[in-house]
Amino acid sequence: MNEASSHTEERPGWRPASYYPDPAIRALDPRFEKYWLKLSAVERLATGLRWAEGPVWFGDGRYLLCSDIPNQRLLKWEEETGAVSVFRKPSNFANGNTRDRQGRLVTCEHGGRRVVRTEYDGSITVLMDQFNGKRLNSPNDVVVKSDGSIWFTDPTFGLLGNYEGYKAEPEIEPNVYRLDPETDKATIVAEGVLGPNGLCFSPDEKILYVVESRGVPNRKILAYDVSPEGTTLSNKRIHIDAGPGTPDGMRCDIDGNLWCGWGMGDPELDGVVVFAPDGVMIGRIALPERCANVCFGGVKRNRLFMAASQSIYALYVNTQGALGG
């Protein structure tokens with residue numbers, strides 16, 4: 001199925017829960033119980049994508065945007081009606097998305113090897129496409145801090161072939177960047193990360209988490225301390241060793257728990273896993289597909305949206321997404 005569709009057209013492998021509590025949700029630690037709404041179940045909102053990524057919630061319009069990278073499009077799902085439509089095509093192989101503090105869409109584009117902003121009138125502003133005269137690789141994920149600074153990862157994934165970008169040789173090492181809102185000056189805030197991928201701030205913005213997706217021997221979630229002025233990072237450390245898991249994108253809730261897209265075609269891994277602030281895995285949401293990225297949304301920011309391979313899922317939870325990111 002090449003066209004995205006509503007959840008009414010079921011796909012083999014997906015069956016909605018027929019009773020509560022949803023057996024797809026498991027508490028691995030007593031701390032998860034407070035976040036688990038026992039009368040909520042995983043819902044599939046849309047399917048027919050090729051590789052779903054970068055969900056971002058627009059509360060003022062009550063809709064979700066999501067990247068479908070190989071299909072060169074951004075999709076729009078409307079909360080009020082459940083309608084799915086194409087928001088932008090071609091999307092320049094858009095991947096990660098977020099909103100800035102003025103509510104504008106900020107997008108990482110593999111195809112343009114750049115980070116762009118969609119203005120209120122729909123026009124596109126290029127925020128960054130090179131550093132010191134060298135082209136970026138393929139910006140992957142992006143968050144906006146409370147001071148308006150834009151932080152993003154730039155691995156080489158979009159350069160590896162012509163499926164999620166355009167095959168090319170990298171001109172610069174993969175890095176994590178910060179774009180200053182006042183000067184528009186970019187700085188490297190983290191280098192030496194093996195395949196920097198998803199990123200998010202802790203609720204107090206004192207910690208930046210970064211997925212190291214080419215970590216050896218396992219993927220890792222790294223943690224950095226953010227300087228008091230909010231411009232540099234220090235104290236790089238391994239927060240979570242993923243073992244056989246494959247963390248990709250993630251978001252923090254207001255209590256500092258990490259909700260992480262997870263899996264690699266293994267029923268025991270595919271879905272979302274939740275880590276407490278101390279790095280202990282406390283909960284799991286099983287999906288029939290690998291989950292790439294998540295975001296919180298809904299009227300009260302208590303609905304978890306999950307971009308998982310060919311589908312978009314949602315689950316109401318008893319917490320809220322942290323502001324920003």
# chains A, B, ... in the order shown; residues from 1 in each chain; ligands from 1
$ closest_atom_pairs --of "segment 250-269 of chain A" --to "segment 18-34 of chain A" --cutoff "12 Å" --atoms "only C-alpha atoms" --output "tab-separated table"
residue	atom	partner	partner_atom	distance
A:Asp255	CA	A:Lys34	CA	11.3
A:Asn257	CA	A:Phe32	CA	9.7
A:Leu258	CA	A:Phe32	CA	11.7
A:Trp259	CA	A:Phe32	CA	11.5
A:Pro267	CA	A:Ala24	CA	11.0
A:Glu268	CA	A:Ala24	CA	11.0
A:Leu269	CA	A:Ala24	CA	11.9
$ write_last_selection --atoms "N, CA, C and O atoms" --output "PDB file, in the first residue's frame"
ATOM      1  N   ASP A 255       8.557  14.253  34.252  1.00  0.00           N
ATOM      2  CA  ASP A 255       9.279  13.672  35.383  1.00  0.00           C
ATOM      3  C   ASP A 255      10.691  13.238  35.019  1.00  0.00           C
ATOM      4  O   ASP A 255      11.399  12.664  35.850  1.00  0.00           O
ATOM      5  N   ASN A 257      11.516  10.976  32.664  1.00  0.00           N
ATOM      6  CA  ASN A 257      11.609   9.651  32.052  1.00  0.00           C
ATOM      7  C   ASN A 257      11.841   9.777  30.557  1.00  0.00           C
ATOM      8  O   ASN A 257      11.279  10.666  29.906  1.00  0.00           O
ATOM      9  N   LEU A 258      12.650   8.888  30.005  1.00  0.00           N
ATOM     10  CA  LEU A 258      12.907   8.850  28.567  1.00  0.00           C
ATOM     11  C   LEU A 258      11.999   7.826  27.907  1.00  0.00           C
ATOM     12  O   LEU A 258      12.001   6.648  28.285  1.00  0.00           O
ATOM     13  N   TRP A 259      11.224   8.271  26.917  1.00  0.00           N
ATOM     14  CA  TRP A 259      10.365   7.395  26.122  1.00  0.00           C
ATOM     15  C   TRP A 259      11.056   7.238  24.762  1.00  0.00           C
ATOM     16  O   TRP A 259      11.196   8.213  24.014  1.00  0.00           O
ATOM     17  N   PRO A 267      10.179  -9.250  17.779  1.00  0.00           N
ATOM     18  CA  PRO A 267       8.968  -9.022  18.576  1.00  0.00           C
ATOM     19  C   PRO A 267       9.253  -8.712  20.036  1.00  0.00           C
ATOM     20  O   PRO A 267       8.434  -8.080  20.711  1.00  0.00           O
ATOM     21  N   GLU A 268      10.378  -9.150  20.537  1.00  0.00           N
ATOM     22  CA  GLU A 268      10.721  -8.878  21.931  1.00  0.00           C
ATOM     23  C   GLU A 268      11.326  -7.492  22.124  1.00  0.00           C
ATOM     24  O   GLU A 268      11.533  -7.062  23.255  1.00  0.00           O
ATOM     25  N   LEU A 269      11.624  -6.812  21.027  1.00  0.00           N
ATOM     26  CA  LEU A 269      12.261  -5.504  21.114  1.00  0.00           C
ATOM     27  C   LEU A 269      11.433  -4.382  20.499  1.00  0.00           C
ATOM     28  O   LEU A 269      11.519  -3.238  20.941  1.00  0.00           O
TER      29      LEU A 269
END
$ closest_atom_pairs --of "segment 241-279 of chain A" --to "segment 284-300 of chain A" --cutoff "8 Å" --atoms "only C-alpha atoms" --output "JSON lines"
{"residue": "A:Pro247", "atom": "CA", "partner": "A:Ala292", "partner_atom": "CA", "distance": 7.7}
{"residue": "A:Asp248", "atom": "CA", "partner": "A:Ala292", "partner_atom": "CA", "distance": 5.4}
{"residue": "A:Gly249", "atom": "CA", "partner": "A:Asn293", "partner_atom": "CA", "distance": 4.2}
{"residue": "A:Met250", "atom": "CA", "partner": "A:Val294", "partner_atom": "CA", "distance": 5.9}
{"residue": "A:Arg251", "atom": "CA", "partner": "A:Cys295", "partner_atom": "CA", "distance": 6.2}
{"residue": "A:Trp259", "atom": "CA", "partner": "A:Val294", "partner_atom": "CA", "distance": 7.4}
{"residue": "A:Cys260", "atom": "CA", "partner": "A:Asn293", "partner_atom": "CA", "distance": 7.0}
{"residue": "A:Gly261", "atom": "CA", "partner": "A:Cys291", "partner_atom": "CA", "distance": 4.7}
{"residue": "A:Trp262", "atom": "CA", "partner": "A:Cys291", "partner_atom": "CA", "distance": 5.3}
{"residue": "A:Gly263", "atom": "CA", "partner": "A:Arg290", "partner_atom": "CA", "distance": 4.8}
{"residue": "A:Met264", "atom": "CA", "partner": "A:Arg290", "partner_atom": "CA", "distance": 5.6}
{"residue": "A:Gly265", "atom": "CA", "partner": "A:Arg290", "partner_atom": "CA", "distance": 6.0}
{"residue": "A:Asp266", "atom": "CA", "partner": "A:Arg290", "partner_atom": "CA", "distance": 8.0}
{"residue": "A:Pro267", "atom": "CA", "partner": "A:Pro288", "partner_atom": "CA", "distance": 6.8}
{"residue": "A:Glu268", "atom": "CA", "partner": "A:Ala286", "partner_atom": "CA", "distance": 7.8}
{"residue": "A:Leu269", "atom": "CA", "partner": "A:Ala286", "partner_atom": "CA", "distance": 7.6}
{"residue": "A:Asp270", "atom": "CA", "partner": "A:Arg290", "partner_atom": "CA", "distance": 4.5}
{"residue": "A:Gly271", "atom": "CA", "partner": "A:Leu287", "partner_atom": "CA", "distance": 4.5}
{"residue": "A:Val272", "atom": "CA", "partner": "A:Ile285", "partner_atom": "CA", "distance": 5.0}
{"residue": "A:Val273", "atom": "CA", "partner": "A:Arg284", "partner_atom": "CA", "distance": 4.4}
{"residue": "A:Val274", "atom": "CA", "partner": "A:Arg284", "partner_atom": "CA", "distance": 6.1}
$ write_last_selection --atoms "C-alpha atoms" --output "PDB file, in the first residue's frame"
ATOM      1  CA  PRO A 247      17.191   3.266  20.324  1.00  0.00           C
ATOM      2  CA  ASP A 248      16.501   5.863  17.654  1.00  0.00           C
ATOM      3  CA  GLY A 249      14.424   8.907  18.642  1.00  0.00           C
ATOM      4  CA  MET A 250      13.224   9.819  22.132  1.00  0.00           C
ATOM      5  CA  ARG A 251      11.439  12.402  24.235  1.00  0.00           C
ATOM      6  CA  TRP A 259      10.365   7.395  26.122  1.00  0.00           C
ATOM      7  CA  CYS A 260      12.445   5.799  23.355  1.00  0.00           C
ATOM      8  CA  GLY A 261      11.677   4.381  19.939  1.00  0.00           C
ATOM      9  CA  TRP A 262      13.119   0.868  19.929  1.00  0.00           C
ATOM     10  CA  GLY A 263      13.570  -2.406  18.069  1.00  0.00           C
ATOM     11  CA  MET A 264      14.957  -4.056  14.985  1.00  0.00           C
ATOM     12  CA  GLY A 265      12.405  -6.526  13.651  1.00  0.00           C
ATOM     13  CA  ASP A 266      12.360  -8.580  16.858  1.00  0.00           C
ATOM     14  CA  PRO A 267       8.968  -9.022  18.576  1.00  0.00           C
ATOM     15  CA  GLU A 268      10.721  -8.878  21.931  1.00  0.00           C
ATOM     16  CA  LEU A 269      12.261  -5.504  21.114  1.00  0.00           C
ATOM     17  CA  ASP A 270       9.961  -3.651  18.721  1.00  0.00           C
ATOM     18  CA  GLY A 271       8.024  -0.721  20.139  1.00  0.00           C
ATOM     19  CA  VAL A 272       8.777   1.873  22.816  1.00  0.00           C
ATOM     20  CA  VAL A 273      10.729   1.448  26.021  1.00  0.00           C
ATOM     21  CA  VAL A 274      10.664   3.819  28.978  1.00  0.00           C
TER      22      VAL A 274
END
$ closest_residue --among "A:Asn71, A:Ser309, A:Asn162, A:Ser227" --to "Val189 of chain A" --atoms "only C-alpha atoms"
A:Ser227
$ closest_residue --among "A:Gly122, A:Gly245, A:Leu199, A:Lys236" --to "Arg219 of chain A" --atoms "only C-alpha atoms"
A:Gly245
$ select_by_dssp --residues "segment 83-291 of chain A" --states "strand (DSSP E or B)" --output "PyMOL selection string"
chain A and resi 84-88+94-99+105-109+114-118+124-128+130-131+134-135+142-144+150-154+175-179+186-191+196-201+207-212+220-226+233-241+250-253+258-262+271-275+281-286
$ closest_atom_pairs --of "segment 125-233 of chain A" --to "segment 89-102 of chain A" --cutoff "6 Å" --atoms "only C-alpha atoms" --output "CSV"
residue,atom,partner,partner_atom,distance
A:Asn140,CA,A:Gly96,CA,5.5
A:Asp141,CA,A:Gly96,CA,4.3
A:Val144,CA,A:Asp100,CA,5.8
A:Gly165,CA,A:Phe93,CA,5.8
$ write_last_selection --atoms "C-alpha atoms" --output "compact mmCIF listing (two decimals), in the first residue's frame"
# COMPACT_ATOMS: atom_id res chain seq x y z
CA ASN A 140 18.63 13.77 11.48
CA ASP A 141 16.86 14.98 14.62
CA VAL A 144 14.68 23.68 20.40
CA GLY A 165 18.52 10.82 0.54
$ residues_around --residues "Arg301 of chain A" --least-positions-apart "4" --cutoff "10 Å" --atoms "only C-alpha atoms" --output "VMD selection string"
chain A and resid 57 59 253 295 to 297 316 to 323
$ write_last_selection --atoms "all heavy atoms" --output "CSV table (one decimal), in the first residue's frame"
chain,number,residue,atom,x,y,z
A,57,TRP,N,3.8,17.5,17.1
A,57,TRP,CA,2.4,17.9,17.4
A,57,TRP,C,2.2,19.4,17.3
A,57,TRP,O,3.0,20.2,17.8
A,57,TRP,CB,2.1,17.4,18.8
A,57,TRP,CG,0.7,17.8,19.3
A,57,TRP,CD1,0.4,18.8,20.2
A,57,TRP,CD2,-0.5,17.3,18.8
A,57,TRP,NE1,-1.0,18.9,20.3
A,57,TRP,CE2,-1.6,18.0,19.5
A,57,TRP,CE3,-0.9,16.3,17.9
A,57,TRP,CZ2,-2.9,17.7,19.3
A,57,TRP,CZ3,-2.2,16.0,17.7
A,57,TRP,CH2,-3.2,16.7,18.4
A,59,GLY,N,-0.5,21.6,18.6
A,59,GLY,CA,-1.7,21.7,19.4
A,59,GLY,C,-2.7,22.8,19.0
A,59,GLY,O,-3.9,22.6,19.2
A,253,ASP,N,9.4,13.0,29.4
A,253,ASP,CA,8.2,13.5,30.0
A,253,ASP,C,8.6,14.5,31.2
A,253,ASP,O,9.8,14.8,31.4
A,253,ASP,CB,7.3,12.4,30.5
A,253,ASP,CG,7.9,11.6,31.7
A,253,ASP,OD1,8.8,12.1,32.4
A,253,ASP,OD2,7.4,10.4,31.9
A,295,CYS,N,6.7,11.4,20.0
A,295,CYS,CA,6.5,12.8,20.6
A,295,CYS,C,5.2,12.7,21.4
A,295,CYS,O,4.4,11.8,21.3
A,295,CYS,CB,6.4,13.8,19.5
A,295,CYS,SG,4.8,13.9,18.6
A,296,PHE,N,5.1,13.7,22.3
A,296,PHE,CA,3.9,13.8,23.1
A,296,PHE,C,3.0,14.9,22.5
A,296,PHE,O,3.5,15.9,21.9
A,296,PHE,CB,4.2,14.3,24.5
A,296,PHE,CG,4.8,13.2,25.4
A,296,PHE,CD1,6.2,13.0,25.4
A,296,PHE,CD2,4.0,12.3,26.0
A,296,PHE,CE1,6.8,12.0,26.2
A,296,PHE,CE2,4.6,11.2,26.8
A,296,PHE,CZ,6.0,11.1,26.9
A,297,GLY,N,1.7,14.7,22.6
A,297,GLY,CA,0.7,15.7,22.0
A,297,GLY,C,-0.6,15.5,22.7
A,297,GLY,O,-0.8,15.0,23.8
A,316,TYR,N,-2.6,7.0,25.1
A,316,TYR,CA,-2.8,7.9,26.2
A,316,TYR,C,-2.0,7.4,27.4
A,316,TYR,O,-2.1,6.2,27.7
A,316,TYR,CB,-4.2,8.1,26.6
A,316,TYR,CG,-5.0,9.0,25.6
A,316,TYR,CD1,-5.8,8.5,24.6
A,316,TYR,CD2,-4.9,10.4,25.7
A,316,TYR,CE1,-6.5,9.3,23.7
A,316,TYR,CE2,-5.6,11.3,24.8
A,316,TYR,CZ,-6.4,10.7,23.9
A,316,TYR,OH,-7.0,11.5,23.0
A,317,VAL,N,-1.3,8.3,28.1
A,317,VAL,CA,-0.5,7.9,29.2
A,317,VAL,C,-0.7,8.9,30.4
A,317,VAL,O,-1.3,10.0,30.1
A,317,VAL,CB,1.0,7.9,28.9
A,317,VAL,CG1,1.3,6.8,27.9
A,317,VAL,CG2,1.5,9.2,28.3
A,318,ASN,N,-0.4,8.5,31.6
A,318,ASN,CA,-0.6,9.4,32.7
A,318,ASN,C,0.6,10.2,33.1
A,318,ASN,O,1.1,10.2,34.2
A,318,ASN,CB,-1.0,8.5,33.9
A,318,ASN,CG,-1.6,9.3,35.0
A,318,ASN,OD1,-2.3,10.3,34.8
A,318,ASN,ND2,-1.4,8.9,36.3
A,319,THR,N,1.0,11.0,32.1
A,319,THR,CA,2.1,12.0,32.2
A,319,THR,C,2.0,12.9,31.1
A,319,THR,O,1.1,12.8,30.2
A,319,THR,CB,3.5,11.3,32.3
A,319,THR,OG1,4.5,12.3,32.6
A,319,THR,CG2,3.9,10.6,31.0
A,320,GLN,N,2.9,13.9,31.1
A,320,GLN,CA,2.9,14.9,30.0
A,320,GLN,C,4.3,15.0,29.4
A,320,GLN,O,5.3,14.8,30.1
A,320,GLN,CB,2.4,16.2,30.5
A,320,GLN,CG,1.0,16.3,30.9
A,320,GLN,CD,0.6,17.7,31.5
A,320,GLN,OE1,1.4,18.3,32.2
A,320,GLN,NE2,-0.5,18.2,31.1
A,321,GLY,N,4.4,15.4,28.1
A,321,GLY,CA,5.6,15.6,27.5
A,321,GLY,C,6.2,16.9,28.1
A,321,GLY,O,5.5,17.9,28.4
A,322,ALA,N,7.5,16.9,28.3
A,322,ALA,CA,8.2,18.1,28.8
A,322,ALA,C,8.1,19.2,27.7
A,322,ALA,O,8.1,18.8,26.5
A,322,ALA,CB,9.7,17.8,29.1
A,323,LEU,N,8.1,20.4,28.0
A,323,LEU,CA,8.0,21.5,27.0
A,323,LEU,C,9.3,21.5,26.2
A,323,LEU,O,10.4,21.2,26.7
A,323,LEU,CB,7.8,22.8,27.7
A,323,LEU,CG,6.4,23.0,28.4
A,323,LEU,CD1,6.4,24.3,29.2
A,323,LEU,CD2,5.3,23.0,27.3
$ atom_distance --atom1 "atom CA of Ala186 of chain A" --atom2 "atom CA of Ser146 of chain A"
17.0 Å
$ closest_residue --among "A:Asp121, A:Arg135, A:Arg113, A:Ile188" --to "Phe157 of chain A" --atoms "only C-alpha atoms"
A:Arg113
$ closest_atom_pairs --of "segment 267-316 of chain A" --to "segment 37-40 of chain A" --cutoff "12 Å" --atoms "only C-alpha atoms" --output "tab-separated table"
residue	atom	partner	partner_atom	distance
A:Ile285	CA	A:Ser40	CA	12.0
A:Asn302	CA	A:Leu37	CA	10.5
A:Arg303	CA	A:Ser40	CA	10.2
A:Leu304	CA	A:Ser40	CA	11.3
A:Ala314	CA	A:Ser40	CA	10.0
A:Leu315	CA	A:Ser40	CA	6.8
A:Tyr316	CA	A:Ser40	CA	6.0
$ write_last_selection --atoms "C-alpha atoms" --output "tab-separated table (two decimals), in the first residue's frame"
chain	number	residue	atom	x	y	z
A	285	ILE	CA	4.96	-0.70	24.80
A	302	ASN	CA	-0.58	13.25	27.53
A	303	ARG	CA	-0.87	11.31	24.28
A	304	LEU	CA	2.23	9.50	23.07
A	314	ALA	CA	-0.84	6.52	19.69
A	315	LEU	CA	-1.39	5.81	23.38
A	316	TYR	CA	-2.79	7.95	26.20
$ residues_around --residues "Thr231 of chain A" --least-positions-apart "5" --cutoff "9 Å" --atoms "only C-alpha atoms" --output "PDB file with all heavy atoms, in the first residue's frame"
ATOM      1  N   SER A 149      17.514  28.418  21.049  1.00  0.00           N
ATOM      2  CA  SER A 149      18.609  27.792  20.305  1.00  0.00           C
ATOM      3  C   SER A 149      18.149  26.452  19.735  1.00  0.00           C
ATOM      4  O   SER A 149      17.330  25.744  20.330  1.00  0.00           O
ATOM      5  CB  SER A 149      19.832  27.602  21.194  1.00  0.00           C
ATOM      6  OG  SER A 149      19.528  26.805  22.323  1.00  0.00           O
ATOM      7  N   ARG A 178      24.754  23.342  17.707  1.00  0.00           N
ATOM      8  CA  ARG A 178      23.851  24.319  18.313  1.00  0.00           C
ATOM      9  C   ARG A 178      23.829  25.555  17.434  1.00  0.00           C
ATOM     10  O   ARG A 178      24.880  26.082  17.059  1.00  0.00           O
ATOM     11  CB  ARG A 178      24.314  24.710  19.720  1.00  0.00           C
ATOM     12  CG  ARG A 178      23.461  25.826  20.358  1.00  0.00           C
ATOM     13  CD  ARG A 178      24.064  26.294  21.677  1.00  0.00           C
ATOM     14  NE  ARG A 178      23.202  27.292  22.325  1.00  0.00           N
ATOM     15  CZ  ARG A 178      23.283  28.602  22.108  1.00  0.00           C
ATOM     16  NH1 ARG A 178      24.189  29.097  21.258  1.00  0.00           N
ATOM     17  NH2 ARG A 178      22.467  29.432  22.735  1.00  0.00           N
ATOM     18  N   ASP A 180      22.698  29.394  17.315  1.00  0.00           N
ATOM     19  CA  ASP A 180      22.335  30.475  18.229  1.00  0.00           C
ATOM     20  C   ASP A 180      21.182  31.299  17.666  1.00  0.00           C
ATOM     21  O   ASP A 180      21.210  31.698  16.493  1.00  0.00           O
ATOM     22  CB  ASP A 180      23.544  31.376  18.476  1.00  0.00           C
ATOM     23  CG  ASP A 180      23.295  32.378  19.581  1.00  0.00           C
ATOM     24  OD1 ASP A 180      22.754  33.465  19.279  1.00  0.00           O
ATOM     25  OD2 ASP A 180      23.638  32.081  20.730  1.00  0.00           O
ATOM     26  N   THR A 187      27.715  26.288  16.305  1.00  0.00           N
ATOM     27  CA  THR A 187      28.873  25.740  16.983  1.00  0.00           C
ATOM     28  C   THR A 187      28.707  24.233  17.125  1.00  0.00           C
ATOM     29  O   THR A 187      27.576  23.723  17.226  1.00  0.00           O
ATOM     30  CB  THR A 187      29.069  26.360  18.375  1.00  0.00           C
ATOM     31  OG1 THR A 187      27.859  26.202  19.125  1.00  0.00           O
ATOM     32  CG2 THR A 187      29.425  27.829  18.273  1.00  0.00           C
ATOM     33  N   VAL A 189      28.745  21.259  19.441  1.00  0.00           N
ATOM     34  CA  VAL A 189      28.650  21.056  20.887  1.00  0.00           C
ATOM     35  C   VAL A 189      29.055  19.650  21.302  1.00  0.00           C
ATOM     36  O   VAL A 189      29.377  19.413  22.470  1.00  0.00           O
ATOM     37  CB  VAL A 189      27.233  21.376  21.404  1.00  0.00           C
ATOM     38  CG1 VAL A 189      26.964  22.873  21.361  1.00  0.00           C
ATOM     39  CG2 VAL A 189      26.164  20.626  20.615  1.00  0.00           C
ATOM     40  N   VAL A 226      24.689  20.309  30.433  1.00  0.00           N
ATOM     41  CA  VAL A 226      24.570  21.568  29.699  1.00  0.00           C
ATOM     42  C   VAL A 226      25.093  22.692  30.593  1.00  0.00           C
ATOM     43  O   VAL A 226      24.737  22.773  31.780  1.00  0.00           O
ATOM     44  CB  VAL A 226      23.101  21.840  29.308  1.00  0.00           C
ATOM     45  CG1 VAL A 226      23.000  23.133  28.497  1.00  0.00           C
ATOM     46  CG2 VAL A 226      22.536  20.658  28.508  1.00  0.00           C
TER      47      VAL A 226
END
$ closest_residue --among "A:Val210, A:Thr232, A:Ile221, A:Val126" --to "Phe275 of chain A" --atoms "only C-alpha atoms"
A:Ile221
$ residues_around --residues "Tyr63 of chain A" --least-positions-apart "4" --cutoff "12 Å" --atoms "only C-alpha atoms" --output "list in words"
Leu45, Pro55, Val56, Trp57, Phe58, Gly59, Leu75, Lys76, Trp77, Glu78, Glu79, Glu80, Thr81, Gly82, Ala83, Val84, Ser85, Phe87, Phe296, Gly297, Gly298, Val299 and Phe305 of chain A
$ closest_residue --among "A:Glu171, A:Asp129, A:Ile312, A:Glu119" --to "Leu65 of chain A" --atoms "only C-alpha atoms"
A:Ile312
